[in-house]
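J.: File start25.tsv below, TSV, C-alpha atoms:
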```tsv
chain	number	residue	atom	x	y	z
L	1245	MET	CA	11.49	11.88	10.60
L	1246	THR	CA	8.41	13.49	12.19
L	1247	ASP	CA	8.78	17.28	12.43
L	1248	ARG	CA	11.91	17.26	10.31
L	1249	THR	CA	10.46	15.58	7.23
L	1250	PRO	CA	10.12	18.05	4.36
L	1251	ARG	CA	6.56	19.26	3.86
L	1252	GLU	CA	6.24	17.73	0.38
L	1253	ILE	CA	7.19	14.30	1.72
L	1254	GLU	CA	4.73	14.55	4.63
L	1255	ALA	CA	1.99	15.51	2.17
L	1256	LEU	CA	2.77	12.45	0.08
L	1257	ILE	CA	2.72	10.17	3.13
L	1258	ALA	CA	-0.67	11.59	4.17
L	1259	LEU	CA	-2.14	10.86	0.72
L	1260	MET	CA	-0.63	7.37	0.59
L	1261	ALA	CA	-2.12	6.61	4.01
L	1262	ARG	CA	-5.59	7.00	2.46
L	1263	LEU	CA	-5.08	3.89	0.31
L	1264	PRO	CA	-6.83	0.74	1.56
L	1265	GLY	CA	-4.40	-1.58	3.33
L	1266	LEU	CA	-1.94	1.20	4.14
L	1267	GLY	CA	-2.02	2.93	7.53
L	1268	PRO	CA	0.12	5.92	8.49
L	1269	ARG	CA	3.00	3.64	9.39
L	1270	SER	CA	3.03	1.52	6.25
L	1271	ALA	CA	2.44	4.63	4.11
L	1272	ARG	CA	5.65	6.05	5.60
L	1273	ARG	CA	7.47	2.82	4.80
L	1274	ALA	CA	6.14	2.82	1.24
L	1275	VAL	CA	7.22	6.43	0.72
L	1276	LEU	CA	10.69	5.66	2.11
L	1277	HIS	CA	10.88	2.75	-0.32
L	1278	LEU	CA	9.95	5.12	-3.14
L	1279	LEU	CA	12.44	7.75	-1.95
L	1280	THR	CA	15.31	5.31	-2.30
L	1281	ARG	CA	14.09	4.34	-5.81
L	1282	ARG	CA	13.29	7.74	-7.25
L	1283	GLU	CA	14.33	7.04	-10.84
L	1284	GLY	CA	13.37	3.39	-11.04
L	1285	LEU	CA	10.01	3.39	-9.29
L	1286	MET	CA	8.78	6.73	-7.92
L	1287	ALA	CA	8.89	8.76	-11.14
L	1288	PRO	CA	7.35	5.97	-13.29
L	1289	LEU	CA	4.64	5.37	-10.69
L	1290	ALA	CA	3.77	9.07	-10.51
L	1291	GLN	CA	3.57	9.17	-14.31
L	1292	ALA	CA	1.47	6.02	-14.58
L	1293	MET	CA	-0.93	7.35	-11.96
L	1294	ALA	CA	-1.27	10.75	-13.62
L	1295	ARG	CA	-1.90	9.05	-16.97
L	1296	VAL	CA	-4.66	6.83	-15.53
L	1297	ALA	CA	-6.23	9.70	-13.56
L	1298	LEU	CA	-6.53	11.58	-16.84
L	1299	ALA	CA	-7.64	8.69	-19.06
L	1300	ALA	CA	-10.00	6.75	-16.77
L	1301	ARG	CA	-13.74	7.16	-17.21
L	1302	ASP	CA	-16.95	5.35	-16.28
L	1303	CYS	CA	-18.44	3.25	-19.06
L	1304	ALA	CA	-21.53	5.08	-20.34
L	1305	VAL	CA	-23.45	1.80	-20.51
L	1306	CYS	CA	-22.56	-0.29	-17.48
L	1307	GLY	CA	-20.54	1.94	-15.12
L	1308	ASN	CA	-17.36	-0.17	-15.34
L	1309	ILE	CA	-14.17	1.91	-15.20
L	1310	GLY	CA	-11.95	1.90	-18.27
L	1311	THR	CA	-10.22	4.29	-20.60
L	1312	SER	CA	-12.86	4.49	-23.32
L	1313	GLU	CA	-16.42	5.86	-23.59
L	1314	ILE	CA	-17.74	2.26	-23.76
L	1315	CYS	CA	-15.81	-0.35	-21.74
L	1316	PRO	CA	-14.20	-3.36	-23.49
L	1317	ILE	CA	-16.87	-5.73	-22.12
L	1318	CYS	CA	-19.82	-3.68	-23.40
L	1319	ALA	CA	-17.96	-3.20	-26.71
L	1320	ASP	CA	-17.29	-6.92	-27.12
L	1321	PRO	CA	-19.75	-8.44	-29.62
L	1322	ALA	CA	-18.96	-11.92	-28.26
L	1323	ARG	CA	-20.55	-11.13	-24.89
L	1324	ALA	CA	-24.18	-12.18	-24.57
L	1325	THR	CA	-26.55	-9.21	-24.44
L	1326	ALA	CA	-29.45	-11.21	-23.04
L	1327	GLU	CA	-27.85	-11.56	-19.58
L	1328	ILE	CA	-26.92	-8.71	-17.29
L	1329	CYS	CA	-25.04	-9.32	-14.05
L	1330	VAL	CA	-25.70	-6.57	-11.50
L	1331	VAL	CA	-22.86	-5.78	-9.07
L	1332	GLU	CA	-22.40	-3.16	-6.37
L	1333	GLN	CA	-18.93	-1.95	-7.25
L	1334	VAL	CA	-16.40	-2.10	-10.07
L	1335	SER	CA	-14.26	-4.30	-7.78
L	1336	ASP	CA	-17.07	-6.90	-7.81
L	1337	LEU	CA	-17.15	-6.78	-11.61
L	1338	TRP	CA	-13.39	-7.38	-11.68
L	1339	ALA	CA	-13.81	-10.30	-9.25
L	1340	MET	CA	-16.49	-11.86	-11.50
L	1341	GLU	CA	-14.23	-11.42	-14.54
L	1342	ARG	CA	-11.30	-13.02	-12.71
L	1343	ALA	CA	-13.50	-16.05	-12.06
L	1344	GLY	CA	-14.12	-16.12	-15.83
L	1345	VAL	CA	-17.46	-17.90	-15.57
L	1346	PHE	CA	-19.85	-15.22	-16.84
L	1347	ARG	CA	-20.06	-14.38	-20.54
L	1348	GLY	CA	-22.82	-11.75	-20.46
L	1349	ARG	CA	-22.63	-8.05	-19.63
L	1350	TYR	CA	-22.58	-6.13	-16.37
L	1351	HIS	CA	-24.30	-3.28	-14.63
L	1352	VAL	CA	-22.47	-1.51	-11.79
L	1353	LEU	CA	-24.85	0.06	-9.28
L	1354	GLY	CA	-22.20	2.10	-7.49
L	1355	GLY	CA	-23.38	1.04	-4.03
L	1356	THR	CA	-26.42	-0.27	-2.18
L	1357	LEU	CA	-29.66	1.41	-1.14
L	1358	SER	CA	-29.48	3.04	2.27
L	1359	ALA	CA	-32.19	5.26	3.68
L	1360	LEU	CA	-29.82	6.17	6.50
L	1361	ASP	CA	-27.09	7.45	4.18
L	1362	GLY	CA	-29.58	8.95	1.74
L	1363	VAL	CA	-28.73	6.50	-1.03
L	1364	THR	CA	-31.85	6.38	-3.20
L	1365	PRO	CA	-32.47	4.35	-6.38
L	1366	ASP	CA	-31.73	7.48	-8.44
L	1367	SER	CA	-28.30	7.94	-6.87
L	1368	LEU	CA	-27.40	4.36	-7.79
L	1369	ARG	CA	-27.66	3.33	-11.46
L	1370	ILE	CA	-31.05	1.70	-11.00
L	1371	PRO	CA	-33.16	3.73	-13.50
L	1372	ALA	CA	-30.46	3.12	-16.13
L	1373	LEU	CA	-30.62	-0.61	-15.36
L	1374	VAL	CA	-34.40	-0.75	-15.82
L	1375	ASP	CA	-34.03	1.16	-19.11
L	1376	ARG	CA	-31.30	-1.22	-20.33
L	1377	VAL	CA	-33.26	-4.34	-19.48
L	1378	ALA	CA	-36.28	-3.02	-21.41
L	1379	ALA	CA	-34.31	-1.64	-24.36
L	1380	GLU	CA	-31.74	-4.41	-24.91
L	1381	GLY	CA	-34.10	-7.39	-24.80
L	1382	VAL	CA	-32.51	-8.79	-21.65
L	1383	THR	CA	-34.00	-12.11	-20.57
L	1384	GLU	CA	-32.14	-12.65	-17.28
L	1385	VAL	CA	-30.82	-10.25	-14.67
L	1386	ILE	CA	-28.40	-11.96	-12.27
L	1387	LEU	CA	-28.02	-10.11	-9.00
L	1388	ALA	CA	-24.45	-10.59	-7.74
L	1389	LEU	CA	-24.73	-8.30	-4.72
L	1390	ASN	CA	-22.83	-8.83	-1.51
L	1391	ALA	CA	-24.47	-11.17	1.00
L	1392	THR	CA	-25.08	-8.32	3.45
L	1393	VAL	CA	-28.26	-6.71	4.78
L	1394	GLU	CA	-27.77	-3.77	2.40
L	1395	GLY	CA	-27.15	-6.13	-0.52
L	1396	ALA	CA	-30.31	-8.10	0.28
L	1397	THR	CA	-32.42	-4.92	0.61
L	1398	THR	CA	-31.16	-3.66	-2.72
L	1399	ALA	CA	-31.80	-7.05	-4.32
L	1400	HIS	CA	-35.42	-7.03	-3.16
L	1401	TYR	CA	-35.91	-3.52	-4.50
L	1402	LEU	CA	-34.38	-4.49	-7.85
L	1403	ALA	CA	-36.56	-7.60	-8.15
L	1404	GLU	CA	-39.65	-5.39	-7.79
L	1405	ALA	CA	-38.37	-2.64	-10.05
L	1406	LEU	CA	-37.54	-5.17	-12.77
L	1407	ALA	CA	-40.79	-7.14	-12.46
L	1408	GLU	CA	-42.59	-5.23	-15.19
L	1409	THR	CA	-39.75	-5.74	-17.71
L	1410	GLY	CA	-40.55	-9.46	-17.91
L	1411	ALA	CA	-36.89	-10.46	-17.49
L	1412	SER	CA	-36.26	-13.24	-14.99
L	1413	VAL	CA	-34.35	-11.97	-11.94
L	1414	THR	CA	-31.98	-14.43	-10.24
L	1415	SER	CA	-29.26	-14.11	-7.63
L	1416	LEU	CA	-26.02	-15.92	-6.82
L	1417	ALA	CA	-26.47	-19.08	-4.74
L	1418	GLN	CA	-25.57	-18.96	-1.06
L	1419	GLY	CA	-23.88	-21.93	0.56
L	1420	VAL	CA	-20.65	-23.55	1.63
L	1421	PRO	CA	-17.68	-21.99	-0.21
L	1422	VAL	CA	-15.56	-24.38	-2.28
L	1423	GLY	CA	-12.90	-25.78	0.06
L	1424	GLY	CA	-14.85	-24.46	3.04
L	1425	GLU	CA	-14.96	-26.43	6.30
L	1426	LEU	CA	-18.22	-26.48	8.23
L	1427	ASP	CA	-16.39	-26.00	11.50
L	1428	TYR	CA	-15.19	-22.57	10.37
L	1429	LEU	CA	-18.44	-21.37	8.78
L	1430	ASP	CA	-20.82	-18.96	10.48
L	1431	ASP	CA	-24.32	-20.13	11.40
L	1432	GLY	CA	-25.94	-17.96	8.73
L	1433	THR	CA	-24.02	-19.64	5.95
L	1434	ILE	CA	-24.73	-23.12	7.27
L	1435	GLY	CA	-28.43	-22.25	7.53
L	1436	ALA	CA	-28.52	-20.88	3.98
L	1437	ALA	CA	-26.68	-23.95	2.66
L	1438	LEU	CA	-29.13	-26.28	4.42
L	1439	ARG	CA	-32.20	-24.46	3.13
L	1440	ALA	CA	-30.79	-24.51	-0.41
L	1441	ARG	CA	-29.73	-28.18	-0.20
L	1442	ARG	CA	-29.79	-30.12	-3.46
L	1443	ARG	CA	-30.46	-33.75	-4.34
L	1444	MET	CA	-27.23	-35.70	-5.03
A	379	MET	CA	-10.73	-7.58	-14.73
A	380	THR	CA	-7.66	-9.59	-15.86
A	381	ASP	CA	-7.28	-9.53	-19.66
A	382	ARG	CA	-9.92	-6.85	-20.06
A	383	THR	CA	-8.32	-4.21	-17.86
A	384	PRO	CA	-6.96	-1.33	-19.96
A	385	ARG	CA	-3.19	-1.49	-20.43
A	386	GLU	CA	-2.55	1.77	-18.55
A	387	ILE	CA	-4.41	0.51	-15.50
A	388	GLU	CA	-2.56	-2.83	-15.52
A	389	ALA	CA	0.75	-0.93	-15.72
A	390	LEU	CA	-0.24	1.13	-12.70
A	391	ILE	CA	-1.24	-1.98	-10.73
A	392	ALA	CA	2.12	-3.61	-11.57
A	393	LEU	CA	4.03	-0.58	-10.27
A	394	MET	CA	1.89	-0.31	-7.13
A	395	ALA	CA	2.52	-4.01	-6.41
A	396	ARG	CA	6.22	-3.18	-5.99
A	397	LEU	CA	5.51	-1.13	-2.85
A	398	PRO	CA	6.32	-2.86	0.44
A	399	GLY	CA	3.19	-4.20	2.09
A	400	LEU	CA	1.22	-4.35	-1.17
A	401	GLY	CA	1.03	-7.60	-3.15
A	402	PRO	CA	-0.61	-7.96	-6.56
A	403	ARG	CA	-4.01	-8.38	-4.94
A	404	SER	CA	-3.88	-5.39	-2.61
A	405	ALA	CA	-2.27	-3.26	-5.34
A	406	ARG	CA	-5.35	-4.01	-7.48
A	407	ARG	CA	-7.59	-3.03	-4.58
A	408	ALA	CA	-5.64	0.19	-4.03
A	409	VAL	CA	-5.84	1.11	-7.72
A	410	LEU	CA	-9.60	0.42	-7.76
A	411	HIS	CA	-9.92	2.68	-4.72
A	412	LEU	CA	-8.02	5.38	-6.63
A	413	LEU	CA	-10.11	4.83	-9.77
A	414	THR	CA	-13.29	5.64	-7.90
A	415	ARG	CA	-11.66	8.77	-6.41
A	416	ARG	CA	-9.93	10.19	-9.45
A	417	GLU	CA	-10.38	13.88	-8.66
A	418	GLY	CA	-10.16	13.70	-4.90
A	419	LEU	CA	-7.26	11.32	-4.40
A	420	MET	CA	-5.67	9.88	-7.54
A	421	ALA	CA	-4.75	13.16	-9.27
A	422	PRO	CA	-3.43	14.82	-6.06
A	423	LEU	CA	-1.44	11.69	-5.18
A	424	ALA	CA	0.12	11.52	-8.65
A	425	GLN	CA	1.03	15.19	-8.38
A	426	ALA	CA	2.47	14.88	-4.86
A	427	MET	CA	4.54	11.89	-5.95
A	428	ALA	CA	5.88	13.61	-9.07
A	429	ARG	CA	6.76	16.68	-6.99
A	430	VAL	CA	8.69	14.58	-4.42
A	431	ALA	CA	10.40	12.47	-7.10
A	432	LEU	CA	11.69	15.70	-8.60
A	433	ALA	CA	12.61	17.47	-5.38
A	434	ALA	CA	14.04	14.67	-3.24
A	435	ARG	CA	17.79	14.34	-2.90
A	436	ASP	CA	20.34	12.68	-0.63
A	437	CYS	CA	21.88	15.01	1.93
A	438	ALA	CA	25.46	15.69	0.81
A	439	VAL	CA	26.70	15.32	4.38
A	440	CYS	CA	24.85	12.44	6.03
A	441	GLY	CA	22.91	10.65	3.28
A	442	ASN	CA	19.48	11.42	4.77
A	443	ILE	CA	16.80	12.04	2.15
A	444	GLY	CA	15.24	15.49	1.99
A	445	THR	CA	14.50	18.23	-0.46
A	446	SER	CA	17.59	20.35	0.05
A	447	GLU	CA	21.33	19.95	-0.61
A	448	ILE	CA	21.92	19.68	3.16
A	449	CYS	CA	19.17	17.98	5.20
A	450	PRO	CA	17.37	19.89	8.00
A	451	ILE	CA	19.20	17.89	10.68
A	452	CYS	CA	22.68	18.63	9.32
A	453	ALA	CA	21.64	22.26	8.78
A	454	ASP	CA	20.32	22.65	12.35
A	455	PRO	CA	22.88	24.54	14.48
A	456	ALA	CA	21.19	23.21	17.63
A	457	ARG	CA	22.21	19.62	16.86
A	458	ALA	CA	25.45	18.55	18.54
A	459	THR	CA	28.29	18.07	16.05
A	460	ALA	CA	30.42	16.00	18.42
A	461	GLU	CA	28.17	12.94	18.20
A	462	ILE	CA	27.38	11.01	15.04
A	463	CYS	CA	24.84	8.20	15.04
A	464	VAL	CA	25.52	5.69	12.26
A	465	VAL	CA	22.49	3.91	10.77
A	466	GLU	CA	22.04	1.48	7.90
A	467	GLN	CA	19.10	3.11	6.14
A	468	VAL	CA	17.18	6.37	6.06
A	469	SER	CA	14.26	4.46	7.63
A	470	ASP	CA	16.46	3.81	10.70
A	471	LEU	CA	17.28	7.51	10.91
A	472	TRP	CA	13.56	8.30	10.82
A	473	ALA	CA	12.94	5.70	13.56
A	474	MET	CA	15.64	7.29	15.75
A	475	GLU	CA	14.12	10.74	15.16
A	476	ARG	CA	10.65	9.48	16.04
A	477	ALA	CA	12.05	8.26	19.35
A	478	GLY	CA	13.35	11.84	19.84
A	479	VAL	CA	16.18	10.83	22.16
A	480	PHE	CA	19.23	11.72	20.09
A	481	ARG	CA	20.30	15.33	19.62
A	482	GLY	CA	23.45	14.80	17.53
A	483	ARG	CA	23.83	14.20	13.80
A	484	TYR	CA	23.52	11.10	11.64
A	485	HIS	CA	25.40	9.18	9.03
A	486	VAL	CA	23.45	6.85	6.75
A	487	LEU	CA	25.58	3.98	5.43
A	488	GLY	CA	23.09	2.84	2.81
A	489	GLY	CA	23.38	-0.82	3.79
A	490	THR	CA	25.70	-3.29	5.48
A	491	LEU	CA	28.95	-4.88	4.34
A	492	SER	CA	28.46	-8.12	2.44
A	493	ALA	CA	31.25	-9.95	0.65
A	494	LEU	CA	28.63	-12.19	-0.92
A	495	ASP	CA	26.67	-9.33	-2.48
A	496	GLY	CA	29.83	-7.37	-3.30
A	497	VAL	CA	29.03	-4.60	-0.83
A	498	THR	CA	32.43	-3.10	0.04
A	499	PRO	CA	33.21	-0.20	2.40
A	500	ASP	CA	33.50	2.10	-0.64
A	501	SER	CA	29.98	1.25	-1.84
A	502	LEU	CA	28.57	2.20	1.58
A	503	ARG	CA	29.33	5.69	2.92
A	504	ILE	CA	32.20	4.49	5.11
A	505	PRO	CA	35.09	6.59	3.71
A	506	ALA	CA	32.86	9.69	4.01
A	507	LEU	CA	32.13	8.72	7.63
A	508	VAL	CA	35.84	8.41	8.50
A	509	ASP	CA	36.49	11.79	6.84
A	510	ARG	CA	33.61	13.43	8.74
A	511	VAL	CA	34.74	12.06	12.11
A	512	ALA	CA	38.26	13.39	11.52
A	513	ALA	CA	37.18	16.73	10.04
A	514	GLU	CA	34.29	17.67	12.33
A	515	GLY	CA	35.96	16.96	15.66
A	516	VAL	CA	33.55	14.15	16.48
A	517	THR	CA	34.16	12.64	19.93
A	518	GLU	CA	31.64	9.79	19.85
A	519	VAL	CA	30.34	7.60	17.04
A	520	ILE	CA	27.22	5.67	18.09
A	521	LEU	CA	26.59	2.61	15.93
A	522	ALA	CA	22.82	2.08	15.65
A	523	LEU	CA	22.97	-0.82	13.23
A	524	ASN	CA	20.44	-3.62	13.14
A	525	ALA	CA	21.09	-6.49	15.54
A	526	THR	CA	21.76	-8.88	12.66
A	527	VAL	CA	24.89	-10.76	11.56
A	528	GLU	CA	25.45	-8.22	8.78
A	529	GLY	CA	24.94	-5.34	11.20
A	530	ALA	CA	27.44	-6.83	13.65
A	531	THR	CA	30.03	-7.46	10.90
A	532	THR	CA	29.69	-3.88	9.71
A	533	ALA	CA	29.93	-2.58	13.27
A	534	HIS	CA	33.21	-4.45	13.82
A	535	TYR	CA	34.62	-3.10	10.57
A	536	LEU	CA	33.60	0.45	11.52
A	537	ALA	CA	35.15	0.19	14.98
A	538	GLU	CA	38.49	-0.70	13.37
A	539	ALA	CA	38.21	1.88	10.61
A	540	LEU	CA	37.43	4.60	13.14
A	541	ALA	CA	40.10	3.57	15.67
A	542	GLU	CA	42.72	5.97	14.31
A	543	THR	CA	40.36	8.96	14.50
A	544	GLY	CA	40.47	8.85	18.31
A	545	ALA	CA	36.66	9.12	18.59
A	546	SER	CA	35.06	6.70	20.99
A	547	VAL	CA	32.90	4.15	19.16
A	548	THR	CA	29.82	2.86	20.99
A	549	SER	CA	26.78	0.87	19.98
A	550	LEU	CA	23.14	0.63	21.09
A	551	ALA	CA	22.61	-1.60	24.10
A	552	GLN	CA	21.09	-5.02	23.54
A	553	GLY	CA	18.60	-6.38	26.04
A	554	VAL	CA	14.97	-6.84	26.97
A	555	PRO	CA	12.75	-4.38	25.06
A	556	VAL	CA	10.64	-2.03	27.17
A	557	GLY	CA	7.38	-3.84	27.89
A	558	GLY	CA	8.96	-7.11	26.74
A	559	GLU	CA	8.07	-10.37	28.48
A	560	LEU	CA	10.85	-12.91	28.98
A	561	ASP	CA	8.55	-15.73	27.97
A	562	TYR	CA	8.26	-14.28	24.46
A	563	LEU	CA	11.91	-13.32	23.95
A	564	ASP	CA	14.32	-15.36	21.86
A	565	ASP	CA	17.31	-17.01	23.54
A	566	GLY	CA	19.79	-14.65	21.90
A	567	THR	CA	18.15	-11.60	23.41
A	568	ILE	CA	17.93	-13.18	26.87
A	569	GLY	CA	21.61	-14.14	26.62
A	570	ALA	CA	22.62	-10.63	25.55
A	571	ALA	CA	20.53	-9.08	28.34
A	572	LEU	CA	22.11	-11.37	30.94
A	573	ARG	CA	25.67	-10.65	29.78
A	574	ALA	CA	24.95	-6.90	29.82
A	575	ARG	CA	23.21	-7.02	33.23
A	576	ARG	CA	23.56	-3.91	35.36
A	577	ARG	CA	23.67	-3.29	39.11
A	578	MET	CA	20.36	-2.02	40.50
```
Show me this structure written as structure tokens.

T.:
Amino acid sequence: MTDRTPREIEALIALMARLPGLGPRSARRAVLHLLTRREGLMAPLAQAMARVALAARDCAVCGNIGTSEICPICADPARATAEICVVEQVSDLWAMERAGVFRGRYHVLGGTLSALDGVTPDSLRIPALVDRVAAEGVTEVILALNATVEGATTAHYLAEALAETGASVTSLAQGVPVGGELDYLDDGTIGAALRARRRM
Amino acid sequence: MTDRTPREIEALIALMARLPGLGPRSARRAVLHLLTRREGLMAPLAQAMARVALAARDCAVCGNIGTSEICPICADPARATAEICVVEQVSDLWAMERAGVFRGRYHVLGGTLSALDGVTPDSLRIPALVDRVAAEGVTEVILALNATVEGATTAHYLAEALAETGASVTSLAQGVPVGGELDYLDDGTIGAALRARRRM
């Protein structure tokens, strides 16, 4: 409704447009959808969001986001303490958990090193990681960083920083994704897969 | 994080997934985005949404959604009262307003007639429309319904229902969209454009 939309509604659209995957246009559509479902969807959603905004906190151990001081993974005695999987963001931790293949614990860095953006080891959770590895008797640190230049730089830094702890530092394999077709893969991936080829 | 995500966060993701344009996966991404911006985005968004859910109401005259008893368009003395543009949904009204070409008032039906879904004239705002046209001295009712079977059925019904009011009933022209290329248009549109051809 452009200039005729009430101020409160425009403010809501502007905030919604800051969500990933929603532009100004789809934010407007989403708000319209909510406006026609005020009792059934809009009010419950506002409540749920306020509740989470109040309850959510970073896990004091690993940096995962949950609603308790220590996240359910760090609090779970069934998870192996000898293996720590290092990820950049909480979203990566969630992706690893969805895959359901890792039974150790995590450490969320909160980003990657970047001299350009002033991201130093201290502004990530790197000192805390080194402390954990030394204190918790960790034997393997698995680096599950993104396969980007920043991820690789951070991985190299971590490997050096963790060298003195004696833990072995590994990283996720690079290669052809499951179901991937060579014809659609970029040259970098094909090269990495060839270099890491394995005997049948 | 699947089974390990706190209940409150899963509830929020489920509600977000009901927004148009967000599936379960992108709702999870959006919530993660919010979780890492709890002060800056999540709390303000929850507040803005609660405020709108409380303040929003349907305009008593036209069915537009705003924050006052009578919407700004119906309350604007500069808008012509002799012309009413009939739309299916509030989103259509907003689209018309964005185009900025109509200076009359609106009437939002709230849907289209559908015997199958039990949508009768009384469950749309059709009786209110007939009353308005008679009471407000409306001379032209412009039907801006979607160019669908349901839209056309509803338009025919409205033309009959409004016949006794004496107002002239028109509808948006069908034809080639501005910037449209014939090669990409469906046959129905080309047919409609040919039948409605105009002298140069």

J.: Using atom CA of L:Thr1311 and atom CA of L:Ala1299 as the two end points, give the distance in Å to one decimal.

T.: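 According to the coordinates, atom CA of L:Thr1311 and atom CA of L:Ala1299 are separated by 5.3 Å.
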
J.: Using all atoms listed in the file, determine which residues lie at most 8 Å from A:Val486, disregarding the query and same-chain residues fewer than 4 positions distant; provide the list as a VMD selection string.

T.: chain A and resid 440 to 442 464 to 468 471 503

J.: Using only C-alpha atoms, what does the table of chain A residues within 8 Å of chain L look like, with each row giving the shortest atom pair and its distance in Å to one decimal, sorted by chain and ascending number, as CSV?

T.:
```
residue,atom,partner,partner_atom,distance
A:Met379,CA,L:Trp1338,CA,4.1
A:Thr380,CA,L:Arg1342,CA,5.9
A:Arg382,CA,L:Pro1316,CA,6.5
A:Thr383,CA,L:Gly1310,CA,7.1
A:Pro384,CA,L:Gly1310,CA,6.2
A:Glu386,CA,L:Val1296,CA,6.3
A:Ile387,CA,L:Val1296,CA,6.3
A:Ala389,CA,L:Ala1292,CA,7.1
A:Leu390,CA,L:Ala1292,CA,5.5
A:Leu393,CA,L:Leu1289,CA,6.0
A:Met394,CA,L:Leu1289,CA,7.2
A:Leu397,CA,L:Ala1274,CA,5.7
A:Pro398,CA,L:Ala1274,CA,5.7
A:Gly399,CA,L:Ser1270,CA,7.1
A:Leu400,CA,L:Gly1265,CA,7.7
A:Ser404,CA,L:Gly1265,CA,7.1
A:Arg407,CA,L:Pro1264,CA,7.2
A:Ala408,CA,L:Leu1263,CA,5.7
A:Leu410,CA,L:Ser1335,CA,6.6
A:His411,CA,L:Leu1263,CA,7.1
A:Leu412,CA,L:Leu1263,CA,7.7
A:Leu413,CA,L:Ala1300,CA,7.3
A:Arg416,CA,L:Ala1297,CA,5.6
A:Glu417,CA,L:Ala1297,CA,7.7
A:Leu419,CA,L:Leu1259,CA,7.3
A:Met420,CA,L:Ala1297,CA,6.0
A:Ala421,CA,L:Ala1297,CA,5.7
A:Pro422,CA,L:Leu1259,CA,8.0
A:Leu423,CA,L:Leu1259,CA,6.0
A:Ala424,CA,L:Ala1290,CA,4.8
A:Gln425,CA,L:Ala1290,CA,7.0
A:Ala426,CA,L:Leu1256,CA,5.5
A:Met427,CA,L:Ala1290,CA,5.4
A:Ala428,CA,L:Ala1290,CA,5.2
A:Arg429,CA,L:Glu1252,CA,7.5
A:Val430,CA,L:Glu1252,CA,6.2
A:Ala431,CA,L:Arg1282,CA,5.5
A:Leu432,CA,L:Ala1287,CA,7.9
A:Ala434,CA,L:Leu1279,CA,7.2
A:Ile443,CA,L:Leu1279,CA,7.4
A:Gly444,CA,L:Pro1250,CA,6.2
A:Thr445,CA,L:Pro1250,CA,6.5
A:Pro450,CA,L:Arg1248,CA,6.5
A:Ile451,CA,L:Arg1248,CA,7.3
A:Val468,CA,L:Leu1276,CA,7.6
A:Ser469,CA,L:Leu1276,CA,6.7
A:Leu471,CA,L:Met1245,CA,7.3
A:Trp472,CA,L:Met1245,CA,4.1
A:Ala473,CA,L:Met1245,CA,7.0
A:Glu475,CA,L:Met1245,CA,5.4
A:Arg476,CA,L:Thr1246,CA,6.0
```

J.: Identify the residues within 12 Å of coordinate (-23.7, -7.7, -26.3) (same frame as the file), considering only C-alpha atoms, and give the answer as a PDB file with C-alpha atoms, in the frame of the given file.

T.:
```pdb
ATOM      1  CA  VAL L1305     -23.450   1.800 -20.510  1.00  0.00           C
ATOM      2  CA  CYS L1306     -22.560  -0.290 -17.480  1.00  0.00           C
ATOM      3  CA  ILE L1314     -17.740   2.260 -23.760  1.00  0.00           C
ATOM      4  CA  CYS L1315     -15.810  -0.350 -21.740  1.00  0.00           C
ATOM      5  CA  PRO L1316     -14.200  -3.360 -23.490  1.00  0.00           C
ATOM      6  CA  ILE L1317     -16.870  -5.730 -22.120  1.00  0.00           C
ATOM      7  CA  CYS L1318     -19.820  -3.680 -23.400  1.00  0.00           C
ATOM      8  CA  ALA L1319     -17.960  -3.200 -26.710  1.00  0.00           C
ATOM      9  CA  ASP L1320     -17.290  -6.920 -27.120  1.00  0.00           C
ATOM     10  CA  PRO L1321     -19.750  -8.440 -29.620  1.00  0.00           C
ATOM     11  CA  ALA L1322     -18.960 -11.920 -28.260  1.00  0.00           C
ATOM     12  CA  ARG L1323     -20.550 -11.130 -24.890  1.00  0.00           C
ATOM     13  CA  ALA L1324     -24.180 -12.180 -24.570  1.00  0.00           C
ATOM     14  CA  THR L1325     -26.550  -9.210 -24.440  1.00  0.00           C
ATOM     15  CA  ALA L1326     -29.450 -11.210 -23.040  1.00  0.00           C
ATOM     16  CA  GLU L1327     -27.850 -11.560 -19.580  1.00  0.00           C
ATOM     17  CA  ILE L1328     -26.920  -8.710 -17.290  1.00  0.00           C
ATOM     18  CA  ARG L1347     -20.060 -14.380 -20.540  1.00  0.00           C
ATOM     19  CA  GLY L1348     -22.820 -11.750 -20.460  1.00  0.00           C
ATOM     20  CA  ARG L1349     -22.630  -8.050 -19.630  1.00  0.00           C
ATOM     21  CA  TYR L1350     -22.580  -6.130 -16.370  1.00  0.00           C
ATOM     22  CA  ARG L1376     -31.300  -1.220 -20.330  1.00  0.00           C
ATOM     23  CA  GLU L1380     -31.740  -4.410 -24.910  1.00  0.00           C
ATOM     24  CA  GLY L1381     -34.100  -7.390 -24.800  1.00  0.00           C
ATOM     25  CA  VAL L1382     -32.510  -8.790 -21.650  1.00  0.00           C
TER      26      VAL L1382
END
```

J.: Would you compute an axis-aligned box for stretch 1348-1359 of chain L, covering every atom listed for it in the file with 6 Å of margin on each side, and report centre and edge lengths in Å to one decimal as lines of an AutoDock Vina configuration file?

T.:
```
center_x = -27.2
center_y = -3.2
center_z = -8.4
size_x = 22.0
size_y = 29.0
size_z = 36.1
```

J.: List the neighbours of L:Gly1395 out to 8 Å using only C-alpha atoms; skip same-chain residues closer than 5 positions along the sequence, and give me the result as a ChimeraX atom specification.

T.: /L:1356-1357,1389-1390

J.: Write to file, as a JSON list (two decimals), in the coordinates of the input, the residues of the selection just made, with C-alpha atoms.

T.:
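Output contents, as saved in again_32.json:
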```json
[["chain", "number", "residue", "atom", "x", "y", "z"],
["L", 1356, "THR", "CA", -26.42, -0.27, -2.18],
["L", 1357, "LEU", "CA", -29.66, 1.41, -1.14],
["L", 1389, "LEU", "CA", -24.73, -8.30, -4.72],
["L", 1390, "ASN", "CA", -22.83, -8.83, -1.51]]
```
